[in-house]
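Written below as structure tokens is the structure these notes are about.
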There are 2 protein chains.
Amino acid sequence: MRKNFGAKTYIYPQPVLIIGTYNENGKANAMNAAWGGICGADRVMVELGSHQTTDNIAETKAFTIAIADEANVVACDYVGIASGRDVPDKMEKAGFTTVKSEFVNAPVINELPITLECELESVDKGMYIGKIVNVSVDEKYLGEDGEPDLVKFNPITFDPVHHTYIALGDTVGKAFADGKKLF
Amino acid sequence: MRKNFGAKTYIYPQPVLIIGTYNENGKANAMNAAWGGICGADRVMVELGSHQTTDNIAETKAFTIAIADEANVVACDYVGIASGRDVPDKMEKAGFTTVKSEFVNAPVINELPITLECELESVDKGMYIGKIVNVSVDEKYLGEDGEPDLVKFNPITFDPVHHTYIALGDTVGKAFADGKKLF
């Protein structure tokens, strides 16, 4: 038997995306968003509502998306509940420092492992589509193959029901491979 | 120091979404997609390219999105690498059985724990936006609070770099709460 819940946002897992922007004076801000995902080979979508972040994107036409990780869970949650409109020193309180992206007019948060640097492509019904221009990764999170290594950093996920953050666990399969058992 | 990777789809975690559709004869199909996410309080986005699934959605204007889980990792990978255009008995080979959604013209896969039942809202550049009409959950995956319980099922995630499937791990934080430590 299945239970019907109506229209709910029960996708598992949801990412925890930290959106970085500059205001018109070049001051960095960050917010936390769980509604988003990749939508093309060089495109990413995030739903943002109305925030200091969306005011900033209207000015700069650019944003970054950093991947929240276990080591920064408190700061990542903080930037989701404090507003840049109300707290001028939000980034300092979060303990986040930034450098300007080499590629777009938006800040890279030094403390977070992976950042997608995006130009705004379009906005529709609160959905911000970014063209991914570059992904930068702190070298200390790279494995021997030169790629991001999930042994070295732990992205967190958002449980849309219980509002917890959950770390990743064991590798349980190989994509484009395990299914061949059924051929 | 950060390393630049160019335009990559390095969002962590990515979900593993099993898209269910009917063809014009009411035959069920399923495919595996990792590019998608929630994009509004009752909306979900998934990037689908060109497949039997997209032919089907063009006919039915509806689809389901089931959450892939550890118990079904082989079948979920299989439906991502076998094409419904080439393999008429794809669902049988996957071991998936279906019932018609009570809400939309698309199949619910009985073996998967959670299904978002969607009407097609729009298509743009391969991005399919669905209006979530209902979410149904197999009751055996519900906790004492009547909600989906991550102790009872284990959604898998997709590593976009190493193409592995990864289970969820420990709860490491509380959203809208942990950040208050910094107020």
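In the structure tokens, each chain is lettered A, B, ... as it comes, each chain's residues begin at 1, and ligands are numbered from 1 in order of appearance.
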Residues within 8 Å of Ile57 in chain B, only C-alpha atoms, excluding chain neighbours under 2 positions, as a short mmCIF file (atom, residue, chain, number, x, y, z; two decimals) with N, CA and C atoms, in the first residue's frame:
data_model
loop_
_atom_site.label_atom_id
_atom_site.label_comp_id
_atom_site.auth_asym_id
_atom_site.auth_seq_id
_atom_site.Cartn_x
_atom_site.Cartn_y
_atom_site.Cartn_z
N THR B 21 7.14 6.54 -17.58
CA THR B 21 6.21 7.06 -18.58
C THR B 21 5.47 5.90 -19.24
N TYR B 22 4.35 6.23 -19.90
CA TYR B 22 3.65 5.30 -20.78
C TYR B 22 3.84 5.71 -22.23
N ASN B 23 3.94 4.72 -23.11
CA ASN B 23 3.88 5.08 -24.53
C ASN B 23 2.41 5.16 -24.96
N THR B 53 11.55 7.82 -23.37
CA THR B 53 10.84 8.58 -22.34
C THR B 53 10.34 9.93 -22.86
N THR B 54 11.16 10.63 -23.63
CA THR B 54 10.72 11.94 -24.12
C THR B 54 9.68 11.79 -25.22
N ASP B 55 9.81 10.72 -26.03
CA ASP B 55 8.73 10.43 -26.98
C ASP B 55 7.42 10.21 -26.23
N GLU B 59 3.56 12.43 -25.88
CA GLU B 59 2.21 11.88 -26.04
C GLU B 59 1.33 12.13 -24.83
N THR B 60 1.86 11.84 -23.65
CA THR B 60 1.01 11.75 -22.45
C THR B 60 1.01 13.01 -21.62
N LYS B 61 2.02 13.88 -21.80
CA LYS B 61 2.14 15.12 -21.00
C LYS B 61 2.22 14.82 -19.49
N ALA B 62 2.81 13.69 -19.17
CA ALA B 62 2.89 13.31 -17.76
C ALA B 62 4.08 12.39 -17.55
N PHE B 63 4.60 12.37 -16.32
CA PHE B 63 5.67 11.43 -15.97
C PHE B 63 5.70 11.28 -14.46
N LEU B 120 3.22 17.34 -17.03
CA LEU B 120 4.20 18.18 -17.73
C LEU B 120 3.73 19.62 -17.72
#
Within 10 Å of Val151 in chain B using only C-alpha atoms, minus same-chain residues under 6 positions, as a PyMOL selection string: chain B and resi 141-143
Convert the current residue selection to file output with N, CA and C atoms, as a compact mmCIF listing (two decimals), in the first residue's frame.
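Result saved to selection.txt:
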# COMPACT_ATOMS: atom_id res chain seq x y z
N TYR B 141 7.97 2.17 4.15
CA TYR B 141 9.10 3.08 4.33
C TYR B 141 8.77 4.29 5.20
N LEU B 142 7.59 4.25 5.83
CA LEU B 142 7.19 5.36 6.70
C LEU B 142 7.60 5.10 8.14
N GLY B 143 8.00 6.17 8.82
CA GLY B 143 8.35 6.07 10.23
C GLY B 143 7.13 6.26 11.11
Go through range 79-124 of chain A and collect every residue that DSSP, computed from the backbone, puts in helix (DSSP H, G or I); the answer should be as a compact mmCIF listing (two decimals) with all heavy atoms, in the first residue's frame.
# COMPACT_ATOMS: atom_id res chain seq x y z
N VAL A 79 24.00 30.93 6.91
CA VAL A 79 23.74 31.82 5.77
C VAL A 79 22.37 31.56 5.15
O VAL A 79 21.89 32.37 4.35
CB VAL A 79 24.85 31.78 4.69
CG1 VAL A 79 26.19 32.24 5.28
CG2 VAL A 79 24.97 30.41 4.04
N GLY A 80 21.73 30.46 5.54
CA GLY A 80 20.36 30.21 5.10
C GLY A 80 19.31 30.83 5.98
O GLY A 80 18.15 30.99 5.55
N ILE A 81 19.66 31.18 7.21
CA ILE A 81 18.64 31.73 8.11
C ILE A 81 18.88 33.20 8.44
O ILE A 81 17.96 33.90 8.85
CB ILE A 81 18.46 30.88 9.39
CG1 ILE A 81 19.78 30.62 10.12
CG2 ILE A 81 17.80 29.56 9.04
CD1 ILE A 81 19.64 29.75 11.37
N LYS A 90 27.17 39.58 7.69
CA LYS A 90 26.78 38.17 7.63
C LYS A 90 27.95 37.25 7.28
O LYS A 90 28.13 36.19 7.89
CB LYS A 90 25.67 38.04 6.57
CG LYS A 90 25.14 36.64 6.34
CD LYS A 90 23.96 36.69 5.35
CE LYS A 90 23.54 35.30 4.91
NZ LYS A 90 22.44 35.31 3.93
N MET A 91 28.75 37.61 6.31
CA MET A 91 29.85 36.74 5.89
C MET A 91 30.87 36.60 7.02
O MET A 91 31.38 35.50 7.27
CB MET A 91 30.52 37.29 4.63
CG MET A 91 29.60 37.30 3.43
SD MET A 91 29.06 35.65 2.91
CE MET A 91 30.42 35.17 1.85
N GLU A 92 31.18 37.70 7.71
CA GLU A 92 32.13 37.65 8.82
C GLU A 92 31.58 36.76 9.93
O GLU A 92 32.31 35.94 10.50
CB GLU A 92 32.39 39.05 9.36
CG GLU A 92 33.15 39.97 8.41
CD GLU A 92 32.32 40.57 7.27
OE1 GLU A 92 31.08 40.34 7.22
OE2 GLU A 92 32.91 41.26 6.42
N LYS A 93 30.29 36.91 10.22
CA LYS A 93 29.69 36.06 11.27
C LYS A 93 29.75 34.59 10.88
O LYS A 93 29.92 33.71 11.72
CB LYS A 93 28.25 36.49 11.52
CG LYS A 93 28.17 37.75 12.39
CD LYS A 93 26.78 37.93 12.98
CE LYS A 93 26.80 39.02 14.03
NZ LYS A 93 25.46 39.48 14.40
N ALA A 94 29.57 34.31 9.59
CA ALA A 94 29.65 32.91 9.12
C ALA A 94 31.08 32.39 9.17
O ALA A 94 31.29 31.17 9.12
CB ALA A 94 29.10 32.81 7.71
Close residues, range 167-180 of chain B itself excluded, 6 Å, only C-alpha atoms, min 2 positions apart in chain, as a list in words: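 Listing them by chain and then by number gives Val74, Asp77, Tyr78, His163, Thr164, Tyr165, Ile166, Ala167, Leu168, Gly169 and Asp170 of chain A; Ile156, Leu182 and Phe183 of chain B.
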Those selected residues, please, written with all heavy atoms and delivered as a compact mmCIF listing (two decimals), in the first residue's frame.
# COMPACT_ATOMS: atom_id res chain seq x y z
N VAL A 74 27.57 24.38 10.21
CA VAL A 74 26.99 25.48 11.01
C VAL A 74 26.96 26.77 10.18
O VAL A 74 25.93 27.45 10.09
CB VAL A 74 27.74 25.67 12.33
CG1 VAL A 74 27.29 26.95 13.03
CG2 VAL A 74 27.53 24.47 13.25
N ASP A 77 24.38 26.53 7.37
CA ASP A 77 23.01 26.72 7.85
C ASP A 77 22.78 28.19 8.20
O ASP A 77 21.72 28.75 7.89
CB ASP A 77 22.74 25.83 9.07
CG ASP A 77 21.26 25.83 9.43
OD1 ASP A 77 20.43 25.51 8.56
OD2 ASP A 77 20.92 26.18 10.57
N TYR A 78 23.77 28.81 8.82
CA TYR A 78 23.64 30.22 9.21
C TYR A 78 23.31 31.12 8.03
O TYR A 78 22.40 31.96 8.11
CB TYR A 78 24.94 30.69 9.89
CG TYR A 78 24.95 32.17 10.15
CD1 TYR A 78 24.22 32.72 11.20
CD2 TYR A 78 25.67 33.04 9.34
CE1 TYR A 78 24.20 34.08 11.43
CE2 TYR A 78 25.66 34.40 9.56
CZ TYR A 78 24.93 34.92 10.61
OH TYR A 78 24.91 36.27 10.83
N HIS A 163 14.18 18.01 7.77
CA HIS A 163 15.03 19.21 7.81
C HIS A 163 16.34 18.98 8.55
O HIS A 163 16.79 19.80 9.34
CB HIS A 163 14.26 20.40 8.42
CG HIS A 163 13.12 20.85 7.56
ND1 HIS A 163 12.30 21.90 7.86
CD2 HIS A 163 12.65 20.36 6.38
CE1 HIS A 163 11.39 22.05 6.92
NE2 HIS A 163 11.57 21.13 6.01
N THR A 164 16.91 17.81 8.26
CA THR A 164 18.24 17.53 8.78
C THR A 164 19.25 17.61 7.62
O THR A 164 18.88 17.58 6.45
CB THR A 164 18.31 16.12 9.39
OG1 THR A 164 17.73 15.19 8.48
CG2 THR A 164 17.55 16.07 10.70
N TYR A 165 20.51 17.75 7.99
CA TYR A 165 21.60 17.62 7.03
C TYR A 165 22.22 16.23 7.23
O TYR A 165 22.47 15.80 8.36
CB TYR A 165 22.68 18.68 7.27
CG TYR A 165 22.20 20.10 7.04
CD1 TYR A 165 22.22 21.04 8.07
CD2 TYR A 165 21.74 20.51 5.80
CE1 TYR A 165 21.80 22.34 7.86
CE2 TYR A 165 21.30 21.81 5.58
CZ TYR A 165 21.34 22.72 6.61
OH TYR A 165 20.93 24.01 6.40
N ILE A 166 22.48 15.56 6.11
CA ILE A 166 22.95 14.18 6.17
C ILE A 166 24.21 14.07 5.31
O ILE A 166 24.26 14.58 4.19
CB ILE A 166 21.86 13.23 5.65
CG1 ILE A 166 20.60 13.38 6.51
CG2 ILE A 166 22.34 11.79 5.61
CD1 ILE A 166 19.39 12.69 5.96
N ALA A 167 25.21 13.41 5.87
CA ALA A 167 26.46 13.18 5.13
C ALA A 167 26.28 12.03 4.15
O ALA A 167 25.31 11.27 4.22
CB ALA A 167 27.57 12.86 6.13
N LEU A 168 27.21 11.90 3.23
CA LEU A 168 27.19 10.73 2.36
C LEU A 168 27.79 9.54 3.10
O LEU A 168 28.52 9.69 4.07
CB LEU A 168 27.95 11.00 1.06
CG LEU A 168 27.38 12.13 0.20
CD1 LEU A 168 28.03 12.11 -1.19
CD2 LEU A 168 25.87 12.03 0.06
N GLY A 169 27.46 8.35 2.59
CA GLY A 169 27.94 7.13 3.22
C GLY A 169 28.77 6.30 2.26
O GLY A 169 29.62 6.82 1.53
N ASP A 170 28.48 5.03 2.23
CA ASP A 170 29.29 4.09 1.46
C ASP A 170 28.97 4.15 -0.03
O ASP A 170 27.85 4.43 -0.44
CB ASP A 170 29.02 2.65 1.94
CG ASP A 170 29.44 2.46 3.39
OD1 ASP A 170 30.35 3.18 3.84
OD2 ASP A 170 28.84 1.59 4.06
N ILE B 156 20.00 6.56 -3.13
CA ILE B 156 21.37 6.63 -3.60
C ILE B 156 21.61 7.97 -4.30
O ILE B 156 20.68 8.64 -4.74
CB ILE B 156 21.74 5.45 -4.53
CG1 ILE B 156 20.76 5.32 -5.71
CG2 ILE B 156 21.80 4.17 -3.72
CD1 ILE B 156 21.16 4.24 -6.71
N LEU B 182 25.48 31.08 15.52
CA LEU B 182 26.27 32.24 15.07
C LEU B 182 25.51 33.56 15.18
O LEU B 182 26.05 34.60 14.81
CB LEU B 182 26.74 32.02 13.63
CG LEU B 182 27.59 30.76 13.40
CD1 LEU B 182 28.00 30.65 11.95
CD2 LEU B 182 28.83 30.79 14.30
N PHE B 183 24.30 33.53 15.69
CA PHE B 183 23.52 34.78 15.81
C PHE B 183 24.08 35.63 16.94
O PHE B 183 24.67 35.11 17.89
CB PHE B 183 22.04 34.46 16.09
CG PHE B 183 21.22 34.32 14.83
CD1 PHE B 183 21.56 33.38 13.87
CD2 PHE B 183 20.12 35.12 14.60
CE1 PHE B 183 20.82 33.25 12.71
CE2 PHE B 183 19.37 34.99 13.44
CZ PHE B 183 19.72 34.06 12.49
Report as JSON, numbers by chain all protein, DNA and RNA residues lying within 6 Å of range 125-127 of chain A, evaluated on only C-alpha atoms, omitting residues in the same chain fewer than 3 positions from it. {"A": [46, 47, 48, 49]}
File dump, residues just selected, N, CA, C and O atoms, as a compact mmCIF listing (two decimals), in the first residue's frame:
# COMPACT_ATOMS: atom_id res chain seq x y z
N VAL A 46 18.85 26.88 -10.06
CA VAL A 46 18.59 26.99 -8.63
C VAL A 46 17.38 27.90 -8.43
O VAL A 46 17.21 28.90 -9.13
N GLU A 47 16.51 27.52 -7.50
CA GLU A 47 15.32 28.32 -7.19
C GLU A 47 15.67 29.19 -6.00
O GLU A 47 16.15 28.70 -4.98
N LEU A 48 15.45 30.50 -6.12
CA LEU A 48 15.99 31.42 -5.12
C LEU A 48 14.97 32.31 -4.42
O LEU A 48 15.33 32.97 -3.44
N GLY A 49 13.74 32.38 -4.89
CA GLY A 49 12.79 33.28 -4.23
C GLY A 49 13.25 34.72 -4.33
O GLY A 49 13.80 35.15 -5.36
Can you list, as a compact mmCIF listing (two decimals) with N, CA, C and O atoms, in the first residue's frame, all residues belonging to range 11-148 of chain A that DSSP tags as strand (DSSP E or B)?
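Heads up, here's the output in states-v3.txt:
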# COMPACT_ATOMS: atom_id res chain seq x y z
N GLN A 14 18.56 15.96 -1.65
CA GLN A 14 18.67 17.31 -2.15
C GLN A 14 20.05 17.85 -1.78
O GLN A 14 20.56 17.59 -0.69
N PRO A 15 20.65 18.61 -2.69
CA PRO A 15 21.96 19.19 -2.38
C PRO A 15 21.81 20.35 -1.40
O PRO A 15 20.69 20.81 -1.15
N LEU A 17 23.28 23.98 -1.48
CA LEU A 17 24.01 24.85 -2.39
C LEU A 17 24.17 26.22 -1.75
O LEU A 17 23.19 26.81 -1.30
N ILE A 18 25.39 26.71 -1.69
CA ILE A 18 25.65 28.03 -1.11
C ILE A 18 25.90 29.00 -2.27
O ILE A 18 26.89 28.88 -2.99
N ILE A 19 24.95 29.93 -2.42
CA ILE A 19 24.96 30.84 -3.56
C ILE A 19 25.74 32.10 -3.17
O ILE A 19 25.38 32.77 -2.20
N GLY A 20 26.79 32.40 -3.91
CA GLY A 20 27.63 33.57 -3.64
C GLY A 20 27.39 34.66 -4.67
O GLY A 20 27.34 34.39 -5.87
N THR A 21 27.21 35.89 -4.17
CA THR A 21 26.98 37.04 -5.06
C THR A 21 27.67 38.28 -4.48
O THR A 21 27.99 38.34 -3.29
N TYR A 22 27.84 39.28 -5.35
CA TYR A 22 28.26 40.62 -4.92
C TYR A 22 27.11 41.59 -5.06
O TYR A 22 26.33 41.48 -6.01
N ALA A 28 30.40 40.92 -0.71
CA ALA A 28 29.98 39.54 -0.92
C ALA A 28 28.84 39.14 0.00
O ALA A 28 28.76 39.58 1.15
N ASN A 29 27.95 38.29 -0.51
CA ASN A 29 26.88 37.71 0.29
C ASN A 29 26.80 36.21 -0.06
O ASN A 29 27.36 35.76 -1.06
N ALA A 30 26.12 35.46 0.80
CA ALA A 30 25.91 34.03 0.54
C ALA A 30 24.55 33.64 1.08
O ALA A 30 24.09 34.19 2.08
N MET A 31 23.89 32.72 0.41
CA MET A 31 22.67 32.12 0.94
C MET A 31 22.67 30.63 0.62
O MET A 31 23.44 30.15 -0.22
N ASN A 32 21.78 29.93 1.30
CA ASN A 32 21.69 28.47 1.26
C ASN A 32 20.43 28.09 0.49
O ASN A 32 19.35 28.61 0.78
N ALA A 33 20.56 27.21 -0.50
CA ALA A 33 19.41 26.77 -1.29
C ALA A 33 19.49 25.27 -1.52
O ALA A 33 20.56 24.74 -1.80
N GLY A 36 17.59 22.84 -6.44
CA GLY A 36 18.38 23.08 -7.64
C GLY A 36 19.03 21.82 -8.12
O GLY A 36 18.90 20.75 -7.50
N GLY A 37 19.70 21.94 -9.26
CA GLY A 37 20.41 20.79 -9.81
C GLY A 37 20.96 21.12 -11.18
O GLY A 37 20.69 22.18 -11.73
N ILE A 38 21.74 20.18 -11.70
CA ILE A 38 22.27 20.33 -13.04
C ILE A 38 21.12 20.22 -14.05
O ILE A 38 20.22 19.40 -13.87
N CYS A 39 21.16 21.04 -15.09
CA CYS A 39 20.10 20.96 -16.11
C CYS A 39 20.66 20.96 -17.52
O CYS A 39 19.93 21.23 -18.47
N GLY A 40 21.93 20.61 -17.68
CA GLY A 40 22.55 20.52 -18.99
C GLY A 40 24.04 20.35 -18.79
O GLY A 40 24.54 20.47 -17.67
N ARG A 43 25.07 23.70 -17.58
CA ARG A 43 24.02 24.56 -17.04
C ARG A 43 23.55 24.03 -15.69
O ARG A 43 23.50 22.82 -15.47
N VAL A 44 23.19 24.96 -14.82
CA VAL A 44 22.71 24.59 -13.50
C VAL A 44 21.52 25.47 -13.17
O VAL A 44 21.46 26.63 -13.58
N MET A 45 20.54 24.90 -12.44
CA MET A 45 19.33 25.61 -12.07
C MET A 45 19.27 25.71 -10.56
O MET A 45 19.61 24.75 -9.86
N VAL A 46 18.85 26.88 -10.06
CA VAL A 46 18.59 26.99 -8.63
C VAL A 46 17.38 27.90 -8.43
O VAL A 46 17.21 28.90 -9.13
N GLU A 47 16.51 27.52 -7.50
CA GLU A 47 15.32 28.32 -7.19
C GLU A 47 15.67 29.19 -6.00
O GLU A 47 16.15 28.70 -4.98
N ALA A 62 25.51 37.35 -12.38
CA ALA A 62 26.46 36.27 -12.12
C ALA A 62 26.27 35.76 -10.69
O ALA A 62 25.78 36.48 -9.82
N PHE A 63 26.66 34.51 -10.47
CA PHE A 63 26.64 33.95 -9.12
C PHE A 63 27.55 32.73 -9.08
O PHE A 63 27.92 32.18 -10.11
N THR A 64 27.93 32.35 -7.87
CA THR A 64 28.64 31.09 -7.69
C THR A 64 27.75 30.14 -6.90
O THR A 64 26.85 30.57 -6.17
N ILE A 65 28.01 28.86 -7.06
CA ILE A 65 27.33 27.83 -6.27
C ILE A 65 28.43 26.98 -5.63
O ILE A 65 29.16 26.29 -6.35
N ALA A 66 28.54 27.06 -4.32
CA ALA A 66 29.50 26.21 -3.61
C ALA A 66 28.76 25.04 -2.98
O ALA A 66 27.59 25.16 -2.60
N ILE A 67 29.45 23.93 -2.87
CA ILE A 67 28.88 22.72 -2.29
C ILE A 67 29.11 22.76 -0.78
O ILE A 67 30.25 22.81 -0.33
N ASP A 69 29.56 21.43 2.90
CA ASP A 69 30.15 20.19 3.38
C ASP A 69 30.05 20.09 4.91
O ASP A 69 29.70 21.06 5.59
N THR A 98 36.31 35.41 1.10
CA THR A 98 36.08 35.21 -0.33
C THR A 98 37.20 35.83 -1.17
O THR A 98 37.90 36.73 -0.72
N VAL A 99 37.32 35.33 -2.38
CA VAL A 99 38.11 36.01 -3.43
C VAL A 99 37.19 36.10 -4.64
O VAL A 99 36.26 35.31 -4.80
N LYS A 100 37.47 37.07 -5.50
CA LYS A 100 36.65 37.19 -6.69
C LYS A 100 36.96 36.05 -7.65
O LYS A 100 38.13 35.70 -7.86
N PRO A 107 31.69 36.07 -5.92
CA PRO A 107 32.74 35.63 -5.01
C PRO A 107 32.87 34.11 -4.88
O PRO A 107 31.88 33.39 -4.92
N VAL A 108 34.10 33.65 -4.74
CA VAL A 108 34.38 32.26 -4.39
C VAL A 108 34.65 32.22 -2.89
O VAL A 108 35.50 32.97 -2.38
N ILE A 109 33.90 31.38 -2.17
CA ILE A 109 34.08 31.24 -0.72
C ILE A 109 35.25 30.29 -0.48
O ILE A 109 35.20 29.11 -0.87
N ILE A 114 34.22 23.08 -3.28
CA ILE A 114 33.96 23.10 -4.72
C ILE A 114 33.04 24.27 -5.04
O ILE A 114 32.05 24.47 -4.35
N THR A 115 33.37 25.01 -6.09
CA THR A 115 32.53 26.14 -6.49
C THR A 115 32.28 26.12 -7.98
O THR A 115 33.21 26.04 -8.78
N LEU A 116 30.99 26.20 -8.35
CA LEU A 116 30.59 26.37 -9.74
C LEU A 116 30.46 27.87 -9.99
O LEU A 116 29.68 28.54 -9.28
N GLU A 117 31.17 28.39 -10.96
CA GLU A 117 31.18 29.83 -11.24
C GLU A 117 30.32 30.06 -12.48
O GLU A 117 30.60 29.52 -13.54
N CYS A 118 29.26 30.83 -12.31
CA CYS A 118 28.18 30.87 -13.31
C CYS A 118 27.85 32.28 -13.75
O CYS A 118 27.80 33.21 -12.95
N GLU A 119 27.56 32.39 -15.04
CA GLU A 119 26.92 33.60 -15.57
C GLU A 119 25.42 33.34 -15.61
O GLU A 119 24.98 32.23 -15.96
N LEU A 120 24.64 34.36 -15.28
CA LEU A 120 23.19 34.21 -15.35
C LEU A 120 22.77 34.02 -16.80
O LEU A 120 23.13 34.82 -17.66
N GLU A 121 22.01 32.96 -17.06
CA GLU A 121 21.49 32.75 -18.41
C GLU A 121 20.05 33.24 -18.52
O GLU A 121 19.69 33.91 -19.48
N SER A 122 19.22 32.90 -17.54
CA SER A 122 17.81 33.32 -17.57
C SER A 122 17.21 33.18 -16.19
O SER A 122 17.74 32.49 -15.31
N VAL A 123 16.08 33.86 -16.01
CA VAL A 123 15.28 33.73 -14.78
C VAL A 123 13.85 33.49 -15.20
O VAL A 123 13.34 34.18 -16.09
N ASP A 124 13.21 32.51 -14.59
CA ASP A 124 11.80 32.24 -14.91
C ASP A 124 11.14 31.66 -13.67
O ASP A 124 11.56 30.62 -13.17
N MET A 127 13.25 30.49 -10.90
CA MET A 127 14.31 29.55 -11.31
C MET A 127 15.42 30.32 -12.00
O MET A 127 15.20 30.89 -13.07
N TYR A 128 16.58 30.29 -11.41
CA TYR A 128 17.74 30.95 -11.99
C TYR A 128 18.56 29.90 -12.73
O TYR A 128 19.01 28.92 -12.12
N ILE A 129 18.75 30.11 -14.03
CA ILE A 129 19.57 29.19 -14.81
C ILE A 129 20.94 29.84 -15.00
O ILE A 129 21.04 30.98 -15.48
N GLY A 130 21.97 29.13 -14.60
CA GLY A 130 23.32 29.63 -14.76
C GLY A 130 24.08 28.84 -15.81
O GLY A 130 23.94 27.62 -15.88
N LYS A 131 24.87 29.55 -16.60
CA LYS A 131 25.81 28.87 -17.49
C LYS A 131 27.08 28.66 -16.67
O LYS A 131 27.68 29.63 -16.19
N ILE A 132 27.47 27.41 -16.51
CA ILE A 132 28.67 27.10 -15.72
C ILE A 132 29.89 27.45 -16.58
O ILE A 132 30.11 26.85 -17.63
N VAL A 133 30.66 28.42 -16.12
CA VAL A 133 31.84 28.85 -16.88
C VAL A 133 33.07 28.11 -16.38
O VAL A 133 33.97 27.78 -17.16
N ASN A 134 33.09 27.83 -15.09
CA ASN A 134 34.24 27.15 -14.51
C ASN A 134 33.82 26.49 -13.20
O ASN A 134 32.92 26.98 -12.51
N VAL A 135 34.47 25.39 -12.88
CA VAL A 135 34.37 24.79 -11.56
C VAL A 135 35.75 24.84 -10.94
O VAL A 135 36.73 24.40 -11.57
N SER A 136 35.86 25.43 -9.75
CA SER A 136 37.16 25.43 -9.08
C SER A 136 37.06 24.61 -7.79
O SER A 136 36.04 24.63 -7.10
N VAL A 137 38.14 23.89 -7.53
CA VAL A 137 38.17 22.98 -6.39
C VAL A 137 39.46 23.25 -5.61
O VAL A 137 40.55 23.31 -6.20
N ASP A 138 39.32 23.41 -4.30
CA ASP A 138 40.50 23.55 -3.45
C ASP A 138 41.35 22.29 -3.60
O ASP A 138 40.85 21.16 -3.43
N LEU A 142 41.49 17.18 -3.64
CA LEU A 142 41.68 16.37 -4.84
C LEU A 142 42.37 15.05 -4.49
O LEU A 142 43.25 15.02 -3.62
N PRO A 148 38.05 15.72 -7.69
CA PRO A 148 37.48 15.81 -6.33
C PRO A 148 37.33 14.41 -5.72
O PRO A 148 36.89 13.48 -6.40
Which residues are near Glu139 in chain B? Cut-off 8 Å, only C-alpha atoms, ignore same chain within fewer than 4 positions. Put them as a ChimeraX atom specification. /A:1-3
Counting only C-alpha atoms, the option among A:Asn56, A:Gly26, A:Lys152, A:Gly95 closest to chain B: A:Gly95
Would you compute the distance between CA of Asp42 in chain B and CA of Trp35 in chain A? Give it in Å to one decimal.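 CA of Trp35 in chain A lies 11.2 Å from CA of Asp42 in chain B.
Taking CA of Asp89 in chain B and CA of Tyr12 in chain A as the two end points, the separation is 28.0 Å.
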